[in-house]
Structure formats: structure tokens, C-alpha cells
$ cat structure-v7.txt   # compact mmCIF, C-alpha atoms and all ligand atoms
# COMPACT_ATOMS: atom_id res chain seq x y z
CA MET A 1 0.00 0.00 0.00
CA ASN A 2 1.43 3.40 -0.93
CA VAL A 3 0.49 6.24 1.41
CA GLU A 4 0.54 9.66 -0.17
CA VAL A 5 -0.05 12.50 2.24
CA SER A 6 -0.60 16.00 0.88
CA ARG A 7 2.26 18.37 1.74
CA GLU A 8 -0.02 21.28 2.53
CA ARG A 9 0.67 22.88 5.92
CA LEU A 10 -1.29 21.48 8.80
CA ASP A 11 -1.57 22.81 12.33
CA LEU A 12 0.44 21.09 15.07
CA SER A 13 -2.34 18.84 16.47
CA SER A 14 -3.47 17.67 13.03
CA THR A 15 0.13 16.98 12.02
CA VAL A 16 0.84 15.02 15.19
CA ALA A 17 -2.46 13.17 14.77
CA GLU A 18 -1.13 11.94 11.37
CA GLY A 19 2.31 11.04 12.76
CA ASP A 20 3.62 7.51 13.10
CA ILE A 21 3.73 6.60 16.78
CA ARG A 22 7.27 5.21 16.49
CA CYS A 23 8.57 8.52 15.15
CA LEU A 24 6.71 10.48 17.79
CA LEU A 25 8.18 8.30 20.53
CA MET A 26 11.69 8.89 19.22
CA VAL A 27 10.99 12.63 19.02
CA LEU A 28 9.98 12.53 22.70
CA MET A 29 13.11 10.59 23.61
CA HIS A 30 15.36 12.93 21.63
CA MET A 31 13.78 16.11 22.88
CA THR A 32 13.28 15.21 26.55
CA GLY A 33 16.00 12.62 27.21
CA ASP A 34 13.37 10.73 29.24
CA GLU A 35 14.06 7.02 28.74
CA ARG A 36 10.63 5.90 29.89
CA TRP A 37 9.54 6.46 26.27
CA LEU A 38 11.64 3.42 25.32
CA GLU A 39 9.94 1.09 27.80
CA PRO A 40 6.49 -0.56 28.15
CA PRO A 41 3.70 0.46 27.96
CA TYR A 42 5.05 2.65 25.13
CA LYS A 43 7.11 0.00 23.35
CA PRO A 44 5.95 -0.45 19.71
CA LYS A 45 5.10 -3.90 18.41
CA ARG A 46 7.31 -5.45 15.74
CA ASP A 47 5.83 -4.96 12.28
CA VAL A 48 7.85 -6.07 9.27
CA ARG A 49 5.60 -4.75 6.50
CA LEU A 50 7.14 -2.20 4.12
CA ILE A 51 4.79 0.39 5.55
CA PRO A 52 3.87 -0.65 9.09
CA ASP A 53 0.75 0.53 10.85
CA PRO A 54 1.34 4.05 12.16
CA ASP A 55 -0.30 3.11 15.49
CA ALA A 56 2.65 0.75 16.25
CA GLY A 57 0.21 -1.80 17.68
CA LEU A 58 -0.33 0.22 20.85
CA PRO A 59 -3.70 0.66 22.62
CA GLN A 60 -5.62 3.83 21.75
CA ALA A 61 -5.17 5.37 25.21
CA ILE A 62 -1.38 5.02 25.02
CA GLN A 63 -1.31 6.47 21.50
CA ASP A 64 -3.37 9.43 22.72
CA GLU A 65 -0.96 9.97 25.62
CA ILE A 66 2.06 9.95 23.25
CA ARG A 67 0.44 12.36 20.78
CA ALA A 68 -0.62 14.70 23.60
CA ALA A 69 2.94 14.69 25.00
CA VAL A 70 4.35 15.74 21.61
CA VAL A 71 1.78 18.50 21.11
CA ASN A 72 2.53 19.72 24.63
CA LEU A 73 6.26 19.69 23.96
CA PHE A 74 5.98 21.99 20.94
CA ALA A 75 2.99 24.04 22.06
CA ARG A 76 5.20 26.80 23.44
CA GLY A 77 7.66 27.11 20.56
CA HIS A 78 10.76 25.19 19.58
CA PRO A 79 12.48 23.61 22.58
CA LYS A 80 16.15 22.64 22.34
CA PRO A 81 16.67 18.85 22.27
CA VAL A 82 18.10 17.47 25.51
CA ILE A 83 20.08 14.92 23.50
CA SER A 84 22.36 16.40 20.86
CA ASP A 85 23.88 13.07 19.79
CA PRO A 86 22.60 9.82 21.33
CA GLY A 87 25.91 7.98 20.78
CA ASP A 88 25.95 4.37 19.60
CA GLU A 89 24.58 2.78 22.75
CA LEU A 90 21.48 4.94 23.16
CA MET A 91 20.92 5.01 19.39
CA LEU A 92 20.83 1.21 19.41
CA ARG A 93 18.33 1.17 22.27
CA MET A 94 16.17 3.71 20.46
CA MET A 95 16.29 1.70 17.24
CA ARG A 96 15.42 -1.51 19.07
CA ALA A 97 12.52 0.15 20.88
CA CYS A 98 11.31 1.83 17.72
CA LEU A 99 11.30 -1.34 15.62
CA GLY A 100 10.40 -3.74 18.43
CA GLU A 101 13.23 -6.05 17.46
CA ASN A 102 16.81 -6.90 18.29
CA VAL A 103 18.57 -4.56 15.85
CA THR A 104 22.24 -5.56 15.60
CA PRO A 105 24.86 -3.09 16.90
CA GLU A 106 26.45 -2.24 13.53
CA TYR A 107 23.30 -0.34 12.52
CA ALA A 108 23.73 2.28 15.25
CA PRO A 109 26.82 4.08 13.82
CA LEU A 110 25.30 3.78 10.35
CA MET A 111 22.09 5.44 11.49
CA ARG A 112 23.95 8.18 13.40
CA GLU A 113 25.85 8.95 10.24
CA GLU A 114 22.69 8.78 8.14
CA MET A 115 20.93 11.21 10.48
CA GLY A 116 23.82 13.67 10.44
CA PHE A 117 24.85 13.21 14.10
CA VAL A 118 28.35 12.29 12.98
CA ALA A 119 30.27 13.35 9.88
CA ARG A 120 29.89 11.05 6.91
CA ASP A 121 32.83 11.99 4.75
CA ALA A 122 35.98 9.92 4.77
CA ARG A 123 38.94 12.14 5.65
CA TRP A 124 42.66 11.74 5.33
CA THR A 125 44.56 11.41 8.58
CA LYS A 126 47.60 12.50 6.57
CA ALA A 127 46.79 13.85 3.13
CA PRO A 128 49.00 12.46 0.35
CA SER A 129 50.79 14.84 -2.00
CA ASN A 130 48.99 16.02 -5.14
CA GLU A 131 51.48 14.01 -7.14
CA THR A 132 50.57 10.79 -5.34
CA LEU A 133 46.86 11.53 -5.64
CA ALA A 134 47.17 12.18 -9.36
CA GLN A 135 48.57 8.67 -9.80
CA GLN A 136 45.51 7.10 -8.19
CA HIS A 137 42.97 7.95 -10.83
CA VAL A 138 39.78 6.01 -10.22
CA LEU A 139 37.62 4.75 -13.05
CA ILE A 140 33.94 4.50 -12.12
CA VAL A 141 31.85 2.47 -14.52
CA GLY A 142 28.27 3.71 -14.91
CA ALA A 143 26.72 7.06 -14.03
CA GLY A 144 23.94 5.90 -11.71
CA VAL A 145 23.17 7.40 -8.33
CA CYS A 146 25.92 5.41 -6.58
CA ALA A 147 28.58 6.49 -9.08
CA ILE A 148 27.72 10.15 -8.69
CA ALA A 149 27.87 9.87 -4.91
CA LEU A 150 31.19 7.99 -5.12
CA GLY A 151 32.57 10.67 -7.42
CA VAL A 152 31.69 13.39 -4.93
CA ALA A 153 33.31 11.43 -2.08
CA LEU A 154 36.49 10.89 -4.09
CA GLY A 155 36.53 14.53 -5.20
CA ARG A 156 36.40 15.66 -1.59
CA LEU A 157 39.46 13.53 -0.85
CA GLY A 158 41.22 15.04 -3.85
CA ILE A 159 41.32 11.69 -5.64
CA PRO A 160 40.84 12.16 -9.38
CA TYR A 161 38.16 10.02 -10.99
CA THR A 162 36.43 9.50 -14.28
CA ILE A 163 32.88 8.24 -14.61
CA VAL A 164 32.15 6.41 -17.86
CA GLU A 165 28.60 5.68 -18.93
CA LYS A 166 27.36 3.62 -21.85
CA ASN A 167 24.08 5.50 -22.08
CA ASP A 168 23.82 9.01 -23.47
CA GLU A 169 22.60 10.39 -20.16
CA LEU A 170 23.28 9.86 -16.46
CA GLY A 171 20.69 8.50 -14.03
CA GLY A 172 21.27 4.74 -14.34
CA THR A 173 18.16 2.82 -13.37
CA TRP A 174 16.07 5.96 -13.58
CA TYR A 175 17.17 6.73 -17.08
CA ILE A 176 16.93 3.16 -18.33
CA ASN A 177 13.52 2.17 -16.97
CA ARG A 178 10.66 4.10 -18.48
CA TYR A 179 7.53 1.99 -18.19
CA PRO A 180 4.40 3.86 -17.05
CA GLY A 181 4.31 4.45 -13.30
CA CYS A 182 8.01 3.62 -12.85
CA GLY A 183 9.19 5.05 -9.53
CA VAL A 184 10.80 4.31 -6.20
CA ASP A 185 9.33 2.01 -3.60
CA THR A 186 11.52 3.32 -0.80
CA PRO A 187 10.66 6.74 0.65
CA ASN A 188 12.38 9.05 -1.78
CA HIS A 189 14.20 11.15 0.80
CA SER A 190 16.61 8.21 0.62
CA TYR A 191 17.25 9.34 -2.92
CA SER A 192 18.27 12.86 -1.89
CA TYR A 193 22.02 13.13 -2.03
CA SER A 194 23.19 13.85 1.48
CA PHE A 195 25.73 16.32 0.04
CA GLY A 196 22.95 18.21 -1.73
CA SER A 197 19.98 19.97 -0.22
CA ARG A 198 16.96 18.10 0.99
CA ASN A 199 14.40 18.37 -1.71
CA PRO A 200 10.78 19.36 -1.78
CA TRP A 201 9.75 16.01 -3.25
CA THR A 202 6.16 16.18 -4.38
CA ARG A 203 5.43 12.61 -3.31
CA TYR A 204 6.55 10.25 -0.62
CA PHE A 205 7.40 7.71 -3.35
CA CYS A 206 8.36 9.76 -6.34
CA GLN A 207 8.16 8.73 -9.95
CA ARG A 208 11.07 8.37 -12.33
CA GLU A 209 10.36 11.67 -14.13
CA GLU A 210 10.83 13.61 -10.90
CA LEU A 211 13.94 11.64 -10.00
CA LEU A 212 15.42 12.34 -13.41
CA ASP A 213 14.63 16.05 -13.06
CA TYR A 214 16.52 15.92 -9.77
CA LEU A 215 19.49 14.06 -11.21
CA LEU A 216 19.65 16.16 -14.37
CA ARG A 217 18.93 19.45 -12.58
CA ARG A 218 15.86 20.20 -14.60
CA GLY A 219 12.78 22.22 -13.71
CA LYS A 220 12.46 23.01 -10.04
CA TYR A 221 15.59 20.96 -9.34
CA GLY A 222 17.70 23.29 -11.45
CA GLN A 223 19.87 24.59 -8.63
CA ALA A 224 23.57 23.75 -8.66
CA THR A 225 23.64 22.45 -5.09
CA HIS A 226 21.23 19.66 -5.95
CA SER A 227 23.50 17.62 -8.14
CA PRO A 228 27.14 17.84 -9.15
CA ARG A 229 28.18 18.35 -12.79
CA PRO A 230 31.11 16.50 -14.34
CA GLY A 231 34.48 18.26 -14.66
CA LEU A 232 35.18 16.42 -17.91
CA ILE A 233 32.98 14.56 -20.38
CA LEU A 234 34.20 11.48 -22.25
CA LEU A 235 31.92 11.15 -25.22
CA ASP A 236 31.51 8.24 -27.59
CA LEU A 237 30.31 8.98 -31.09
CA ASN A 238 28.35 5.85 -31.87
CA MET A 239 25.68 5.58 -29.23
CA PRO A 240 22.15 4.20 -29.23
CA ARG A 241 19.25 6.64 -29.56
CA LYS A 242 21.39 9.78 -29.77
CA ASP A 243 24.51 10.22 -31.87
CA GLY A 244 27.62 11.57 -30.09
CA ARG A 245 27.96 14.44 -32.56
CA GLU A 246 24.44 15.53 -31.71
CA VAL A 247 25.22 15.35 -27.97
CA LEU A 248 28.39 17.41 -28.54
CA ARG A 249 26.43 20.01 -30.49
CA GLU A 250 23.88 20.24 -27.63
CA ILE A 251 26.57 20.48 -24.93
CA LYS A 252 28.37 23.28 -26.74
CA ALA A 253 25.08 25.08 -27.40
CA THR A 254 24.06 24.96 -23.71
CA ALA A 255 25.48 27.83 -21.68
CA GLU A 256 25.70 25.85 -18.41
CA LEU A 257 27.52 22.93 -20.05
CA ARG A 258 29.68 24.68 -22.64
CA LYS A 259 32.65 25.10 -20.31
CA ILE A 260 32.96 21.39 -19.52
CA PRO A 261 35.78 19.97 -21.66
CA VAL A 262 34.60 17.17 -23.95
CA VAL A 263 37.01 14.42 -24.89
CA VAL A 264 35.66 12.39 -27.78
CA PHE A 265 36.51 8.80 -26.96
CA THR A 266 35.62 6.48 -29.78
CA THR A 267 36.63 3.48 -31.86
CA SER A 268 36.63 5.67 -34.96
CA LYS A 269 39.89 6.89 -36.50
CA ALA A 270 38.26 8.51 -39.51
CA ASP A 271 39.67 11.87 -40.54
CA THR A 272 36.15 13.12 -41.25
CA ASP A 273 35.12 12.35 -37.64
CA ILE A 274 38.21 14.06 -36.24
CA GLU A 275 37.58 17.09 -38.42
CA SER A 276 33.87 17.33 -37.59
CA VAL A 277 34.11 16.96 -33.80
CA TYR A 278 36.80 19.64 -33.51
CA GLU A 279 34.57 21.78 -35.68
CA LEU A 280 31.78 21.21 -33.12
CA GLY A 281 34.00 22.29 -30.23
CA ALA A 282 35.45 19.01 -28.88
CA ASN A 283 38.54 19.50 -26.71
CA SER A 284 40.31 16.26 -27.67
CA PHE A 285 39.82 13.25 -29.89
CA ILE A 286 41.06 9.89 -28.63
CA SER A 287 40.75 6.48 -30.30
CA LYS A 288 39.72 3.78 -27.83
CA PRO A 289 42.31 1.03 -27.34
CA VAL A 290 41.00 -2.47 -28.01
CA GLN A 291 42.70 -4.14 -25.03
CA PHE A 292 41.61 -3.59 -21.42
CA GLU A 293 45.18 -2.88 -20.30
CA GLY A 294 45.48 -0.18 -22.95
CA LEU A 295 42.21 1.33 -21.74
CA VAL A 296 43.42 1.45 -18.13
CA ASN A 297 46.71 3.07 -19.17
CA LEU A 298 44.91 5.59 -21.28
CA MET A 299 42.54 6.46 -18.44
CA ARG A 300 45.58 7.11 -16.28
CA VAL A 301 47.04 9.44 -18.90
CA ILE A 302 43.70 11.22 -19.36
CA GLY A 303 43.41 11.61 -15.59
CA GLN A 304 46.93 12.94 -15.21
CA TYR A 305 46.45 15.44 -17.99
CA TRP A 306 42.95 16.70 -17.24
CA PHE A 307 43.04 16.53 -13.46
CA GLY A 308 46.75 16.80 -12.71
CA THR A 309 48.10 19.16 -15.36
CA VAL A 310 45.45 21.49 -16.72
CA GLU A 311 43.30 23.84 -14.68
CA LEU A 312 39.59 23.21 -15.14
CA PRO A 313 36.79 25.71 -14.59
CA LEU A 314 35.19 25.34 -11.17
CA ALA A 315 32.38 22.74 -11.25
CA LYS A 316 29.01 24.27 -10.37
C1 LIG A 401 11.73 0.37 -11.05
C2 LIG A 401 12.81 0.34 -9.98
C3 LIG A 401 12.52 0.81 -8.72
C4 LIG A 401 13.50 0.80 -7.74
N1 LIG A 401 13.20 1.32 -6.52
C5 LIG A 401 14.16 1.37 -5.58
C6 LIG A 401 13.88 1.98 -4.32
O1 LIG A 401 12.79 2.45 -4.08
N2 LIG A 401 14.88 1.99 -3.40
C7 LIG A 401 16.11 1.48 -3.67
O2 LIG A 401 16.98 1.56 -2.81
N3 LIG A 401 16.39 0.91 -4.85
C8 LIG A 401 15.46 0.83 -5.81
N4 LIG A 401 15.75 0.27 -7.00
C9 LIG A 401 17.07 -0.25 -7.22
C10 LIG A 401 17.93 0.84 -7.90
O3 LIG A 401 18.39 0.28 -9.08
C11 LIG A 401 19.07 1.30 -7.00
O4 LIG A 401 18.63 1.80 -5.79
C12 LIG A 401 19.94 2.40 -7.55
O5 LIG A 401 19.27 3.29 -8.37
C13 LIG A 401 21.06 1.76 -8.23
O6 LIG A 401 22.01 2.80 -8.50
P1 LIG A 401 23.41 2.42 -9.05
O7 LIG A 401 24.11 3.71 -9.31
O8 LIG A 401 24.10 1.44 -8.16
O9 LIG A 401 23.14 1.57 -10.38
P2 LIG A 401 22.32 1.91 -11.75
O10 LIG A 401 21.35 2.96 -11.50
O11 LIG A 401 21.89 0.60 -12.22
O12 LIG A 401 23.46 2.52 -12.65
C14 LIG A 401 24.44 1.73 -13.26
C15 LIG A 401 24.91 2.46 -14.50
O13 LIG A 401 26.01 1.78 -15.03
C16 LIG A 401 25.93 1.81 -16.44
N5 LIG A 401 26.79 0.73 -16.92
C17 LIG A 401 26.69 -0.59 -16.66
N6 LIG A 401 27.67 -1.25 -17.29
C18 LIG A 401 28.43 -0.34 -17.93
C19 LIG A 401 29.59 -0.43 -18.74
N7 LIG A 401 30.18 -1.59 -19.00
N8 LIG A 401 30.10 0.73 -19.25
C20 LIG A 401 29.51 1.92 -18.99
N9 LIG A 401 28.41 2.07 -18.23
C21 LIG A 401 27.86 0.95 -17.71
C22 LIG A 401 24.47 1.62 -16.72
O14 LIG A 401 24.13 2.08 -18.02
C23 LIG A 401 23.86 2.50 -15.62
O15 LIG A 401 23.68 3.83 -16.05
C24 LIG A 401 14.79 0.27 -8.01
C25 LIG A 401 15.06 -0.22 -9.29
C26 LIG A 401 14.09 -0.18 -10.28
C27 LIG A 401 14.41 -0.72 -11.65

$ encode --input "structure-v7.txt" --output "C-alpha cells"
Amino acid sequence: MNVEVSRERLDLSSTVAEGDIRCLLMVLMHMTGDERWLEPPYKPKRDVRLIPDPDAGLPQAIQDEIRAAVVNLFARGHPKPVISDPGDELMLRMMRACLGENVTPEYAPLMREEMGFVARDARWTKAPSNETLAQQHVLIVGAGVCAIALGVALGRLGIPYTIVEKNDELGGTWYINRYPGCGVDTPNHSYSYSFGSRNPWTRYFCQREELLDYLLRRGKYGQATHSPRPGLILLDLNMPRKDGREVLREIKATAELRKIPVVVFTTSKADTDIESVYELGANSFISKPVQFEGLVNLMRVIGQYWFGTVELPLAK
């Protein structure tokens, strides 16, 4: 069952009346630090359905008491939470109480990171020199959601990377699948990049069109902070659905994309191709090696040149 709740503003009592009891209990615990909210008679029942009952299996009187406590808590403004970071031990107890099951300990640090209590980014204890970093060029195959997130993480560590994609557009699953009604079945806030802003998703489970708008920065998701742009584009010429020359023409005709260097990376060696892509504004033309080893070596050279030698415009 998909639950779609309108995003229009509701008053506090009506909002709390709609709230899932488990979430409300955790809000009470977080805000008050009072551990009785983790114990019976408030302990939710285990419910393994994708969307469990919002009443958490608790008697009506107990639900009413919990909802009233939350309304009371916020009735006089915005109190400061008593707990700023629950730490792993309390987080685990909260998760176990919330789900009514024996959640294993490794989920606690993961959830603290997911909720922003602790920093997510990997950091160097001792940063390697730029020269060393330039030699560690990472090749990421496929421009789906995971690849984009990995690219951002590597970029923050100063590790050069190249994302290659066989389709003519990024988005992975969300670009490839296009049957009517295609969309996520996990609440789509999970699809917000944690390094981008939280988005005003129109639905709890959004459809592929909205996800693609988000990934491609179209429409209301057009802001730069929502999704990173590549620093360099490797473009094949012979692609399904859209020819590489056409893509190149579009990139160079689009103000926001024009600055991104385009390296044409193709099996062709034809003089006419070389001539025409430079004419269209390509920044390099490279013939793809046939052997894997040759490809890896070439990627290293491309990485060293584009990310270690030349200065690129700042990615927006
Ligand atoms: C209809 C549908 C609904 C889904 N709903 C959810 C959901 O609600 N929650 C959830 O967590 N997951 C869901 N999934 C799973 C979803 O696929 C993943 O969550 C996520 O999108 C995968 O991202 P990814 O970047 O790992 O891979 P993908 O999105 O699959 O991206 C991989 C990319 O690699 C490219 N590629 C592959 N091989 C090569 C190659 N040799 N050279 C170049 N490029 C290559 C592909 O073209 C593709 O663009 C759903 C999947 C589908 C199909």
C-alpha cells in the first residue's frame, strides 16, 4: 500500500495526529532525554511490513498519551533537544525500541551517520601529496546514483576520478527504466544526495520523471547544489538513440555545459570524424584502445592530464 499525504501545511495537532507513533516516541526521547519512552507500555510492536501501521500496535489510550505529549512539547515554541547526539549505545536502544526487534549493533553508527549526528565523509589522517593523488585515478563504470555519490566522495578527498557511462545520459536505473508508473518504492528522501539539499519532493514515493529532473537538474531541481556536474565529459560517437555528434552540439550550445571539456573517446579513427568533432568544439579526440590494459593506461594518462596538469573551470 502506498500512502501519499498532501504536503499542505497542517496545524500542530493535526500533524501530530497523522504522525507515526514510532517517530513520535523517538521525538519525545530525543527532545526530553526521558528514557521511559523506550519502555512498556510505550514499546511499539514489531511490524515487518514495508509500511507498518502508524499506530505501532499500541492501545488507543497510550497512543493518545504519546500524541498529547508531543503537542505539549511543541505548544510553546521550539524547545532545544536534551540529546544532541545519542551515541551508539542509546541510538541502538532507540532503534530496538522503535522497531520492536533486536537490531544488531552495527546499525547504530550507520544510522547516526545517516541522520547527520556524525560526519559522513571519509577524511585523510595524513593527506597524500597532489602528485601521489594524481597517480591514483579512479575509473567509475556507470553514471547511476551510486557512481555520482562515489565521485563526490572521491573529489572531496582530492582523488581524481572518471565516470564512464554507456548511455547518453546519467541517471542509471532511472534513465533506463521508463515503463508507465516507474518510480521508487523506498521513501524518496533516501534518494536525496546527502551532500545536496533536501528536496521538496512532491510525493513520498516519487516517480522516475521527478527523480530524473533531480538528477539532471531540470525544472524546479535546477539549482547547482542539488547535483554535481562533471568536470570532464568522455563522449563516444556511436551511441544508441542519440549520436555523439548531436550530444556534442547540444553540450556546446548549452550555456551551463559549454565550459565542460569534452574528450571524444571512440573506436573511430576517420579523418572526417576528427575534423567534424573539432569543428563542433570538442577539446580532444582519442581512439579507444581495443585491449583492457590499454584502456586502463589511457585512463591514467587522461586523468593525469585533465586533473593533474590542466586547470579546469570550477564545477558548479
Ligand atoms: C523500477 C525500480 C525501482 C526501484 N526502486 C528502488 C527503491 O525504491 N529503493 C532502492 O533503494 N532501490 C530501488 N531500485 C534499485 C535501484 O536500481 C538502485 O537503488 C539504484 O538506483 C542503483 O544505483 P546504481 O548507481 O548502483 O546503479 P544503476 O542505477 O543501475 O546505474 C548503473 C549504471 O552503469 C551503467 N553501466 C553498466 N555497465 C556499464 C559499462 N560496462 N560501461 C559503462 N556504463 C555501464 C548503466 O548504463 C547504468 O547507467 C529500483 C530499481 C528499479 C528498476

$ atom_distance --input "structure-v7.txt" --atom1 "CA of Gly57 in chain A" --atom2 "CA of Leu92 in chain A"
20.9 Å

$ residues_near_ligand --input "structure-v7.txt" --ligand "ligand LIG 401 (chain A)" --cutoff "10 Å" --atoms "only C-alpha atoms and all ligand atoms" --output "PyMOL selection string"
chain A and resi 140-150+163-179+181-188+190-191+205-208

$ residues_around --input "structure-v7.txt" --residues "Leu295 in chain A" --least-positions-apart "5" --cutoff "12 Å" --atoms "only C-alpha atoms" --output "PyMOL selection string"
chain A and resi 139+164+265-267+286-290+300-302

$ closest_residue --input "structure-v7.txt" --among "A:Arg93, A:Lys259, A:Arg112, A:Arg120" --to "Arg36 in chain A" --atoms "all atoms listed in the file"
A:Arg93

$ residues_near_point --input "structure-v7.txt" --point "(28.7, 18.6, -29.3)" --cutoff "10 Å" --atoms "only C-alpha atoms" --output "number ranges by chain"
A: 235, 237, 243-254, 258, 262, 264, 276-282

$ closest_residue --input "structure-v7.txt" --among "A:Gln304, A:Ile51, A:Glu311, A:Gly222" --to "Ile159 in chain A" --atoms "only C-alpha atoms"
A:Gln304

$ residues_around --input "structure-v7.txt" --residues "Leu312 in chain A" --least-positions-apart "5" --cutoff "10 Å" --atoms "only C-alpha atoms" --output "list of chain:residue names"
A:Gly231, A:Leu232, A:Lys259, A:Ile260, A:Pro261, A:Trp306, A:Phe307

$ residues_near_point --input "structure-v7.txt" --point "(13.0, 17.2, 22.2)" --cutoff "7 Å" --atoms "only C-alpha atoms" --output "ChimeraX atom specification"
/A:27-32,79-82

$ write_last_selection --input "structure-v7.txt" --atoms "C-alpha atoms" --output "CSV table (one decimal), keeping the file's coordinate frame"
chain,number,residue,atom,x,y,z
A,27,VAL,CA,11.0,12.6,19.0
A,28,LEU,CA,10.0,12.5,22.7
A,29,MET,CA,13.1,10.6,23.6
A,30,HIS,CA,15.4,12.9,21.6
A,31,MET,CA,13.8,16.1,22.9
A,32,THR,CA,13.3,15.2,26.6
A,79,PRO,CA,12.5,23.6,22.6
A,80,LYS,CA,16.2,22.6,22.3
A,81,PRO,CA,16.7,18.8,22.3
A,82,VAL,CA,18.1,17.5,25.5

$ closest_residue --input "structure-v7.txt" --among "A:Thr162, A:Ser84, A:Gln291, A:Ser284" --to "Gly33 in chain A" --atoms "only C-alpha atoms"
A:Ser84

$ residues_around --input "structure-v7.txt" --residues "Thr132 in chain A" --least-positions-apart "5" --cutoff "12 Å" --atoms "all atoms listed in the file" --output "list in words"
Ala127, His137, Gly158, Ile159, Pro160, Gln304 and Gly308 of chain A

$ atom_distance --input "structure-v7.txt" --atom1 "CA of Met115 in chain A" --atom2 "CA of Arg22 in chain A"
16.1 Å

$ residues_around --input "structure-v7.txt" --residues "Asp55 in chain A" --least-positions-apart "6" --cutoff "10 Å" --atoms "all atoms listed in the file" --output "MDAnalysis selection string"
chainID A and resid 18:22 44:45 62:63

$ residues_around --input "structure-v7.txt" --residues "Gly219 in chain A" --least-positions-apart "5" --cutoff "10 Å" --atoms "all atoms listed in the file" --output "PyMOL selection string"
chain A and resi 210+213-214

$ atom_distance --input "structure-v7.txt" --atom1 "CA of Arg156 in chain A" --atom2 "CA of Trp124 in chain A"
10.1 Å

$ closest_residue --input "structure-v7.txt" --among "A:Val138, A:Met94, A:Gly116, A:Ile274" --to "Asp34 in chain A" --atoms "all atoms listed in the file"
A:Met94

$ closest_residue --input "structure-v7.txt" --among "A:Tyr193, A:Trp37, A:Trp201, A:Phe292" --to "Leu215 in chain A" --atoms "all atoms listed in the file"
A:Tyr193

$ closest_residue --input "structure-v7.txt" --among "A:Val263, A:Ser13, A:Ala56, A:Asp271" --to "Asn283 in chain A" --atoms "all atoms listed in the file"
A:Val263
